[in-house]
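Next up, my_file.pdb (PDB, C-alpha atoms):
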ATOM      1  CA  MET A   1      27.109 -38.463  11.944  1.00  0.00           C
ATOM      2  CA  THR A   2      28.287 -35.739   9.546  1.00  0.00           C
ATOM      3  CA  ALA A   3      26.009 -37.073   6.773  1.00  0.00           C
ATOM      4  CA  ALA A   4      23.011 -36.977   9.115  1.00  0.00           C
ATOM      5  CA  ILE A   5      23.735 -33.396  10.138  1.00  0.00           C
ATOM      6  CA  SER A   6      24.274 -32.388   6.510  1.00  0.00           C
ATOM      7  CA  ALA A   7      20.973 -33.998   5.443  1.00  0.00           C
ATOM      8  CA  ALA A   8      19.112 -32.250   8.265  1.00  0.00           C
ATOM      9  CA  ALA A   9      20.654 -28.915   7.334  1.00  0.00           C
ATOM     10  CA  THR A  10      19.671 -29.362   3.696  1.00  0.00           C
ATOM     11  CA  GLU A  11      16.104 -30.268   4.675  1.00  0.00           C
ATOM     12  CA  THR A  12      15.846 -27.216   6.910  1.00  0.00           C
ATOM     13  CA  ALA A  13      17.281 -24.907   4.259  1.00  0.00           C
ATOM     14  CA  THR A  14      14.619 -25.857   1.717  1.00  0.00           C
ATOM     15  CA  VAL A  15      11.709 -24.976   4.011  1.00  0.00           C
ATOM     16  CA  PRO A  16      10.992 -21.247   3.810  1.00  0.00           C
ATOM     17  CA  SER A  17      10.813 -19.612   7.209  1.00  0.00           C
ATOM     18  CA  TRP A  18       8.309 -16.982   6.105  1.00  0.00           C
ATOM     19  CA  PRO A  19       6.109 -17.150   3.038  1.00  0.00           C
ATOM     20  CA  TRP A  20       5.427 -13.929   1.145  1.00  0.00           C
ATOM     21  CA  PRO A  21       1.889 -12.992   2.266  1.00  0.00           C
ATOM     22  CA  ILE A  22       0.622 -11.902  -1.152  1.00  0.00           C
ATOM     23  CA  ASP A  23       0.695 -13.751  -4.479  1.00  0.00           C
ATOM     24  CA  LEU A  24       1.490 -10.882  -6.846  1.00  0.00           C
ATOM     25  CA  ALA A  25       0.840 -13.097  -9.876  1.00  0.00           C
ATOM     26  CA  ARG A  26      -2.901 -12.984  -9.030  1.00  0.00           C
ATOM     27  CA  TYR A  27      -3.211  -9.346 -10.039  1.00  0.00           C
ATOM     28  CA  ASP A  28      -3.481  -7.353 -13.237  1.00  0.00           C
ATOM     29  CA  ARG A  29      -0.265  -5.393 -12.923  1.00  0.00           C
ATOM     30  CA  ARG A  30      -0.515  -3.192 -16.003  1.00  0.00           C
ATOM     31  CA  PRO A  31       1.334   0.046 -15.368  1.00  0.00           C
ATOM     32  CA  GLU A  32      -1.086   2.362 -17.131  1.00  0.00           C
ATOM     33  CA  LEU A  33      -4.458   3.480 -15.874  1.00  0.00           C
ATOM     34  CA  THR A  34      -7.404   2.949 -18.152  1.00  0.00           C
ATOM     35  CA  GLU A  35      -9.616   5.899 -19.018  1.00  0.00           C
ATOM     36  CA  ARG A  36     -12.338   4.287 -16.922  1.00  0.00           C
ATOM     37  CA  GLU A  37      -9.982   4.099 -13.916  1.00  0.00           C
ATOM     38  CA  ARG A  38      -8.909   7.725 -14.356  1.00  0.00           C
ATOM     39  CA  ALA A  39     -12.514   8.847 -14.553  1.00  0.00           C
ATOM     40  CA  ALA A  40     -13.442   6.809 -11.475  1.00  0.00           C
ATOM     41  CA  LEU A  41     -10.535   8.141  -9.417  1.00  0.00           C
ATOM     42  CA  THR A  42     -11.375  11.690 -10.500  1.00  0.00           C
ATOM     43  CA  SER A  43     -15.026  11.202  -9.598  1.00  0.00           C
ATOM     44  CA  LEU A  44     -14.198   9.690  -6.216  1.00  0.00           C
ATOM     45  CA  GLY A  45     -11.818  12.504  -5.279  1.00  0.00           C
ATOM     46  CA  TRP A  46     -10.925  12.207  -1.604  1.00  0.00           C
ATOM     47  CA  ASP A  47     -13.693   9.634  -1.155  1.00  0.00           C
ATOM     48  CA  VAL A  48     -10.914   7.148  -2.003  1.00  0.00           C
ATOM     49  CA  ARG A  49     -10.369   7.224   1.758  1.00  0.00           C
ATOM     50  CA  ARG A  50     -13.579   5.165   2.194  1.00  0.00           C
ATOM     51  CA  ARG A  51     -14.716   7.125   5.203  1.00  0.00           C
ATOM     52  CA  ARG A  52     -18.130   8.328   6.344  1.00  0.00           C
ATOM     53  CA  GLY A  53     -20.665   7.893   3.588  1.00  0.00           C
ATOM     54  CA  TYR A  54     -18.640   5.174   1.853  1.00  0.00           C
ATOM     55  CA  ALA A  55     -20.920   3.458  -0.669  1.00  0.00           C
ATOM     56  CA  PRO A  56     -19.220   0.234  -1.827  1.00  0.00           C
ATOM     57  CA  ASP A  57     -21.795  -0.295  -4.574  1.00  0.00           C
ATOM     58  CA  ARG A  58     -20.768   2.861  -6.471  1.00  0.00           C
ATOM     59  CA  VAL A  59     -19.732   2.093 -10.024  1.00  0.00           C
ATOM     60  CA  GLU A  60     -16.424   3.898  -9.445  1.00  0.00           C
ATOM     61  CA  TRP A  61     -15.272   1.247  -6.956  1.00  0.00           C
ATOM     62  CA  ARG A  62     -15.861  -1.476  -9.535  1.00  0.00           C
ATOM     63  CA  ALA A  63     -13.929   0.561 -12.085  1.00  0.00           C
ATOM     64  CA  ILE A  64     -10.820   0.637  -9.857  1.00  0.00           C
ATOM     65  CA  SER A  65     -11.163  -2.886  -8.465  1.00  0.00           C
ATOM     66  CA  ARG A  66      -7.880  -4.036 -10.032  1.00  0.00           C
ATOM     67  CA  LEU A  67      -6.108  -1.340  -7.963  1.00  0.00           C
ATOM     68  CA  LEU A  68      -8.184  -1.754  -4.832  1.00  0.00           C
ATOM     69  CA  ARG A  69      -8.042  -5.552  -4.516  1.00  0.00           C
ATOM     70  CA  PRO A  70      -4.256  -5.844  -4.030  1.00  0.00           C
ATOM     71  CA  LEU A  71      -4.300  -2.922  -1.601  1.00  0.00           C
ATOM     72  CA  ASP A  72      -7.058  -4.553   0.434  1.00  0.00           C
ATOM     73  CA  ASP A  73      -5.228  -7.899   0.304  1.00  0.00           C
ATOM     74  CA  ALA A  74      -2.056  -6.199   1.556  1.00  0.00           C
ATOM     75  CA  ARG A  75      -4.058  -4.566   4.350  1.00  0.00           C
ATOM     76  CA  ALA A  76      -5.332  -8.004   5.364  1.00  0.00           C
ATOM     77  CA  ALA A  77      -1.739  -9.283   5.381  1.00  0.00           C
ATOM     78  CA  LEU A  78      -0.779  -6.596   7.918  1.00  0.00           C
ATOM     79  CA  ARG A  79      -1.630  -8.697  10.927  1.00  0.00           C
ATOM     80  CA  TRP A  80       0.301  -6.306  13.153  1.00  0.00           C
ATOM     81  CA  CYS A  81      -2.251  -3.584  12.531  1.00  0.00           C
ATOM     82  CA  PRO A  82      -3.853  -2.817  15.897  1.00  0.00           C
ATOM     83  CA  ASP A  83      -7.616  -3.009  15.651  1.00  0.00           C
ATOM     84  CA  THR A  84      -8.340   0.479  16.908  1.00  0.00           C
ATOM     85  CA  PRO A  85     -10.324   3.225  15.183  1.00  0.00           C
ATOM     86  CA  ALA A  86      -7.168   5.322  14.731  1.00  0.00           C
ATOM     87  CA  HIS A  87      -5.232   2.521  13.033  1.00  0.00           C
ATOM     88  CA  ARG A  88      -8.195   1.461  10.882  1.00  0.00           C
ATOM     89  CA  ARG A  89      -8.427   5.079   9.741  1.00  0.00           C
ATOM     90  CA  ALA A  90      -4.677   5.293   9.115  1.00  0.00           C
ATOM     91  CA  VAL A  91      -4.514   2.166   6.964  1.00  0.00           C
ATOM     92  CA  THR A  92      -7.583   3.258   4.994  1.00  0.00           C
ATOM     93  CA  ASP A  93      -6.067   6.726   4.529  1.00  0.00           C
ATOM     94  CA  ALA A  94      -2.831   5.120   3.308  1.00  0.00           C
ATOM     95  CA  ILE A  95      -4.785   3.258   0.631  1.00  0.00           C
ATOM     96  CA  GLY A  96      -6.505   6.524  -0.260  1.00  0.00           C
ATOM     97  CA  LEU A  97      -3.167   8.330  -0.654  1.00  0.00           C
ATOM     98  CA  ILE A  98      -1.834   5.596  -2.919  1.00  0.00           C
ATOM     99  CA  LEU A  99      -4.943   5.753  -5.087  1.00  0.00           C
ATOM    100  CA  ARG A 100      -4.765   9.548  -5.148  1.00  0.00           C
ATOM    101  CA  ARG A 101      -1.127   9.409  -6.285  1.00  0.00           C
ATOM    102  CA  CYS A 102      -2.129   6.937  -9.021  1.00  0.00           C
ATOM    103  CA  LEU A 103      -4.467   9.616 -10.355  1.00  0.00           C
ATOM    104  CA  GLU A 104      -1.869  12.395 -10.040  1.00  0.00           C
ATOM    105  CA  ASP A 105       0.831  10.346 -11.796  1.00  0.00           C
ATOM    106  CA  GLY A 106      -1.516   8.764 -14.320  1.00  0.00           C
ATOM    107  CA  THR A 107      -0.150   5.281 -13.613  1.00  0.00           C
ATOM    108  CA  SER A 108      -0.957   2.368 -11.378  1.00  0.00           C
ATOM    109  CA  PHE A 109       1.254   1.821  -8.343  1.00  0.00           C
ATOM    110  CA  TRP A 110       2.593  -1.262 -10.150  1.00  0.00           C
ATOM    111  CA  ALA A 111       4.609   1.111 -12.368  1.00  0.00           C
ATOM    112  CA  TRP A 112       6.220   3.022  -9.528  1.00  0.00           C
ATOM    113  CA  SER A 113       9.955   3.027  -9.049  1.00  0.00           C
ATOM    114  CA  ALA A 114      11.708   3.309  -5.696  1.00  0.00           C
ATOM    115  CA  ASP A 115      11.930   7.071  -6.337  1.00  0.00           C
ATOM    116  CA  ASP A 116       8.161   7.252  -6.834  1.00  0.00           C
ATOM    117  CA  TRP A 117       7.525   5.452  -3.551  1.00  0.00           C
ATOM    118  CA  VAL A 118      10.049   7.683  -1.734  1.00  0.00           C
ATOM    119  CA  ARG A 119       8.285  10.750  -3.146  1.00  0.00           C
ATOM    120  CA  LEU A 120       5.005   9.466  -1.657  1.00  0.00           C
ATOM    121  CA  ILE A 121       6.404   8.257   1.674  1.00  0.00           C
ATOM    122  CA  ALA A 122       8.741  11.290   2.002  1.00  0.00           C
ATOM    123  CA  PRO A 123      12.120  11.406   3.694  1.00  0.00           C
ATOM    124  CA  GLY A 124      10.532  12.221   7.045  1.00  0.00           C
ATOM    125  CA  HIS A 125       7.180  12.432   8.797  1.00  0.00           C
ATOM    126  CA  LYS A 126       7.104  16.241   8.716  1.00  0.00           C
ATOM    127  CA  GLU A 127       7.574  16.309   4.947  1.00  0.00           C
ATOM    128  CA  PHE A 128       4.974  13.572   4.585  1.00  0.00           C
ATOM    129  CA  GLU A 129       2.372  15.449   6.601  1.00  0.00           C
ATOM    130  CA  ALA A 130       3.138  18.782   4.893  1.00  0.00           C
ATOM    131  CA  ALA A 131       2.493  17.317   1.433  1.00  0.00           C
ATOM    132  CA  TRP A 132      -1.091  16.302   2.199  1.00  0.00           C
ATOM    133  CA  PRO A 133      -4.278  17.805   3.646  1.00  0.00           C
ATOM    134  CA  GLY A 134      -4.345  18.420   7.395  1.00  0.00           C
ATOM    135  CA  TRP A 135      -6.250  15.233   8.178  1.00  0.00           C
ATOM    136  CA  ILE A 136      -3.173  13.150   7.277  1.00  0.00           C
ATOM    137  CA  ASP A 137      -1.026  12.457  10.319  1.00  0.00           C
ATOM    138  CA  GLY A 138       2.054  10.441  11.175  1.00  0.00           C
ATOM    139  CA  THR A 139       0.170   7.184  11.703  1.00  0.00           C
ATOM    140  CA  VAL A 140      -0.518   6.918   7.944  1.00  0.00           C
ATOM    141  CA  ARG A 141       3.094   6.952   6.749  1.00  0.00           C
ATOM    142  CA  PRO A 142       4.209   3.520   8.078  1.00  0.00           C
ATOM    143  CA  TYR A 143       1.239   1.920   6.345  1.00  0.00           C
ATOM    144  CA  VAL A 144       2.228   3.517   3.042  1.00  0.00           C
ATOM    145  CA  ALA A 145       5.733   2.094   3.572  1.00  0.00           C
ATOM    146  CA  ALA A 146       4.260  -1.348   4.262  1.00  0.00           C
ATOM    147  CA  PHE A 147       2.206  -1.208   1.039  1.00  0.00           C
ATOM    148  CA  ALA A 148       5.331  -0.127  -0.855  1.00  0.00           C
ATOM    149  CA  TYR A 149       7.180  -3.136   0.499  1.00  0.00           C
ATOM    150  CA  LEU A 150       4.413  -5.684  -0.049  1.00  0.00           C
ATOM    151  CA  LEU A 151       3.223  -4.513  -3.465  1.00  0.00           C
ATOM    152  CA  GLY A 152       6.007  -2.370  -4.877  1.00  0.00           C
ATOM    153  CA  ASP A 153       9.110  -4.407  -4.094  1.00  0.00           C
ATOM    154  CA  PHE A 154      10.309  -1.370  -2.160  1.00  0.00           C
ATOM    155  CA  THR A 155      13.407  -1.929  -0.034  1.00  0.00           C
ATOM    156  CA  HIS A 156      14.922   1.589   0.064  1.00  0.00           C
ATOM    157  CA  PHE A 157      13.981   2.207   3.683  1.00  0.00           C
ATOM    158  CA  HIS A 158      17.245   4.060   4.299  1.00  0.00           C
ATOM    159  CA  ARG A 159      15.821   6.849   2.097  1.00  0.00           C
ATOM    160  CA  ILE A 160      12.675   7.502   4.131  1.00  0.00           C
ATOM    161  CA  GLY A 161      14.086   8.379   7.510  1.00  0.00           C
ATOM    162  CA  GLY A 162      12.692   7.271  10.813  1.00  0.00           C
ATOM    163  CA  PHE A 163       9.713   5.075  11.521  1.00  0.00           C
ATOM    164  CA  ILE A 164       9.189   2.020  13.681  1.00  0.00           C
ATOM    165  CA  ARG A 165      10.865  -0.605  11.528  1.00  0.00           C
ATOM    166  CA  ARG A 166      10.165  -3.443  13.939  1.00  0.00           C
ATOM    167  CA  SER A 167       6.465  -3.162  13.175  1.00  0.00           C
ATOM    168  CA  LEU A 168       7.140  -3.546   9.473  1.00  0.00           C
ATOM    169  CA  ALA A 169       9.464  -6.488  10.059  1.00  0.00           C
TER     170      ALA A 169
END
Could I get this file's structure written as structure tokens?
Amino acid sequence: MTAAISAAATETATVPSWPWPIDLARYDRRPELTERERAALTSLGWDVRRRRGYAPDRVEWRAISRLLRPLDDARAALRWCPDTPAHRRAVTDAIGLILRRCLEDGTSFWAWSADDWVRLIAPGHKEFEAAWPGWIDGTVRPYVAAFAYLLGDFTHFHRIGGFIRRSLA
């Protein structure tokens, strides 16, 4: 009886309960931005939000595709994202903020340390909102934290203050 229980426990232990939703090995994870990527991000400006007037055939989007693809894949992995206009806007704005910070720092998000992610996410929602234009609100911040977790191996949630952690879990 003990051998049967032990065999069952071993079998159960080898089956992962939750597979990581994104295969990070699929991406070009170079830390530096190319000149073409810098120029594209500069040209796009705040259009990185992909809002009204978004033209997916612009050459700039192709130039930053190695940055955009993992972000879009991570967005697709966020199955908890309510399908409402406000949440679609928030997740798209989160991607825009990450791309904007790539331009400001001159690196891809793949190069970011925990400190870099904390600087973007901020220690609280008030600091987060104050650091960005007025159209950024509190609904964007949890999405940035989710991207940090999924793509940046970020686990320093104790450093970013309050947000609804159950949604991220």
Closest of A:Leu150, A:Ala131, A:Leu120, A:Ala55 to A:Leu99 - atom-to-atom distances counting all atoms listed in the file: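 Smallest separation from A:Leu99 among the options: A:Leu120.
Distances to A:Trp61 were evaluated for A:Arg36, A:His125, A:Arg26, A:Arg119 using only C-alpha atoms, and the minimum falls at A:Arg36.
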Answer as a PyMOL selection string, residues within 12 Å of (9.9, 10.9, -4.3) using only C-alpha atoms: chain A and resi 101+105+112-124+127-128+131+156+159-160
How would the residues just chosen look if you wrote them out with C-alpha atoms as a PDB file, in the coordinates of the input?
ATOM      1  CA  ARG A 101      -1.127   9.409  -6.285  1.00  0.00           C
ATOM      2  CA  ASP A 105       0.831  10.346 -11.796  1.00  0.00           C
ATOM      3  CA  TRP A 112       6.220   3.022  -9.528  1.00  0.00           C
ATOM      4  CA  SER A 113       9.955   3.027  -9.049  1.00  0.00           C
ATOM      5  CA  ALA A 114      11.708   3.309  -5.696  1.00  0.00           C
ATOM      6  CA  ASP A 115      11.930   7.071  -6.337  1.00  0.00           C
ATOM      7  CA  ASP A 116       8.161   7.252  -6.834  1.00  0.00           C
ATOM      8  CA  TRP A 117       7.525   5.452  -3.551  1.00  0.00           C
ATOM      9  CA  VAL A 118      10.049   7.683  -1.734  1.00  0.00           C
ATOM     10  CA  ARG A 119       8.285  10.750  -3.146  1.00  0.00           C
ATOM     11  CA  LEU A 120       5.005   9.466  -1.657  1.00  0.00           C
ATOM     12  CA  ILE A 121       6.404   8.257   1.674  1.00  0.00           C
ATOM     13  CA  ALA A 122       8.741  11.290   2.002  1.00  0.00           C
ATOM     14  CA  PRO A 123      12.120  11.406   3.694  1.00  0.00           C
ATOM     15  CA  GLY A 124      10.532  12.221   7.045  1.00  0.00           C
ATOM     16  CA  GLU A 127       7.574  16.309   4.947  1.00  0.00           C
ATOM     17  CA  PHE A 128       4.974  13.572   4.585  1.00  0.00           C
ATOM     18  CA  ALA A 131       2.493  17.317   1.433  1.00  0.00           C
ATOM     19  CA  HIS A 156      14.922   1.589   0.064  1.00  0.00           C
ATOM     20  CA  ARG A 159      15.821   6.849   2.097  1.00  0.00           C
ATOM     21  CA  ILE A 160      12.675   7.502   4.131  1.00  0.00           C
TER      22      ILE A 160
END
Pairwise distance for atom CA of A:Val48 and atom CA of A:Asp93, rounded to one decimal in Å: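 About the pair atom CA of A:Val48 and atom CA of A:Asp93: they are 8.1 Å apart.
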Target residues per the PyMOL selection byres ((chain A and resi 109) around 12), formatted as a count of residues only: 41
Residues in the PyMOL selection byres ((chain A and resi 51) around 12), expressed as a list of chain:residue names: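 Written out, the selection comes to A:Leu44, A:Trp46, A:Asp47, A:Val48, A:Arg49, A:Arg50, A:Arg52, A:Gly53, A:Tyr54, A:Ala55, A:Pro56, A:Pro85, A:Arg88, A:Arg89, A:Ala90, A:Val91, A:Thr92, A:Asp93, A:Ile95, A:Gly96.
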Minimum-distance residue to A:Ser65, chosen among A:Leu24, A:Ala145, A:Ala94, A:Leu41 (using all atoms listed in the file): A:Leu41
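For the pair atom CA of A:Trp132 and atom CA of A:Val59, the interatomic distance is 26.4 Å.
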Residue with smallest distance to A:His87 - pool A:Gly45, A:Pro142, A:Pro19, A:Gly134, counting all atoms listed in the file: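 The shortest atom-to-atom distance to A:His87 comes from A:Pro142.
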Which of A:His158, A:Asp23, A:Ala40, A:Tyr143 sits closest to A:Arg69 [using all atoms listed in the file]: A:Asp23
Atom CA of A:Pro133 to atom CA of A:Ala146, straight-line distance in Å: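 Pair atom CA of A:Ala146 / atom CA of A:Pro133 returns 21.0 Å.
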Any chance you could work out the axis-aligned box around stretch 140-154 of chain A, listed atoms only, 6 Å on each side, giving centre and edge lengths in Å to one decimal, as lines of an AutoDock Vina configuration file?
center_x = 4.9
center_y = 0.6
center_z = 1.6
size_x = 22.8
size_y = 24.6
size_z = 25.0
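With distances restricted to all atoms listed in the file, A:Ala86 is the closest residue to A:Trp135 from A:Gly162, A:Ala77, A:Ala86, A:Thr34.
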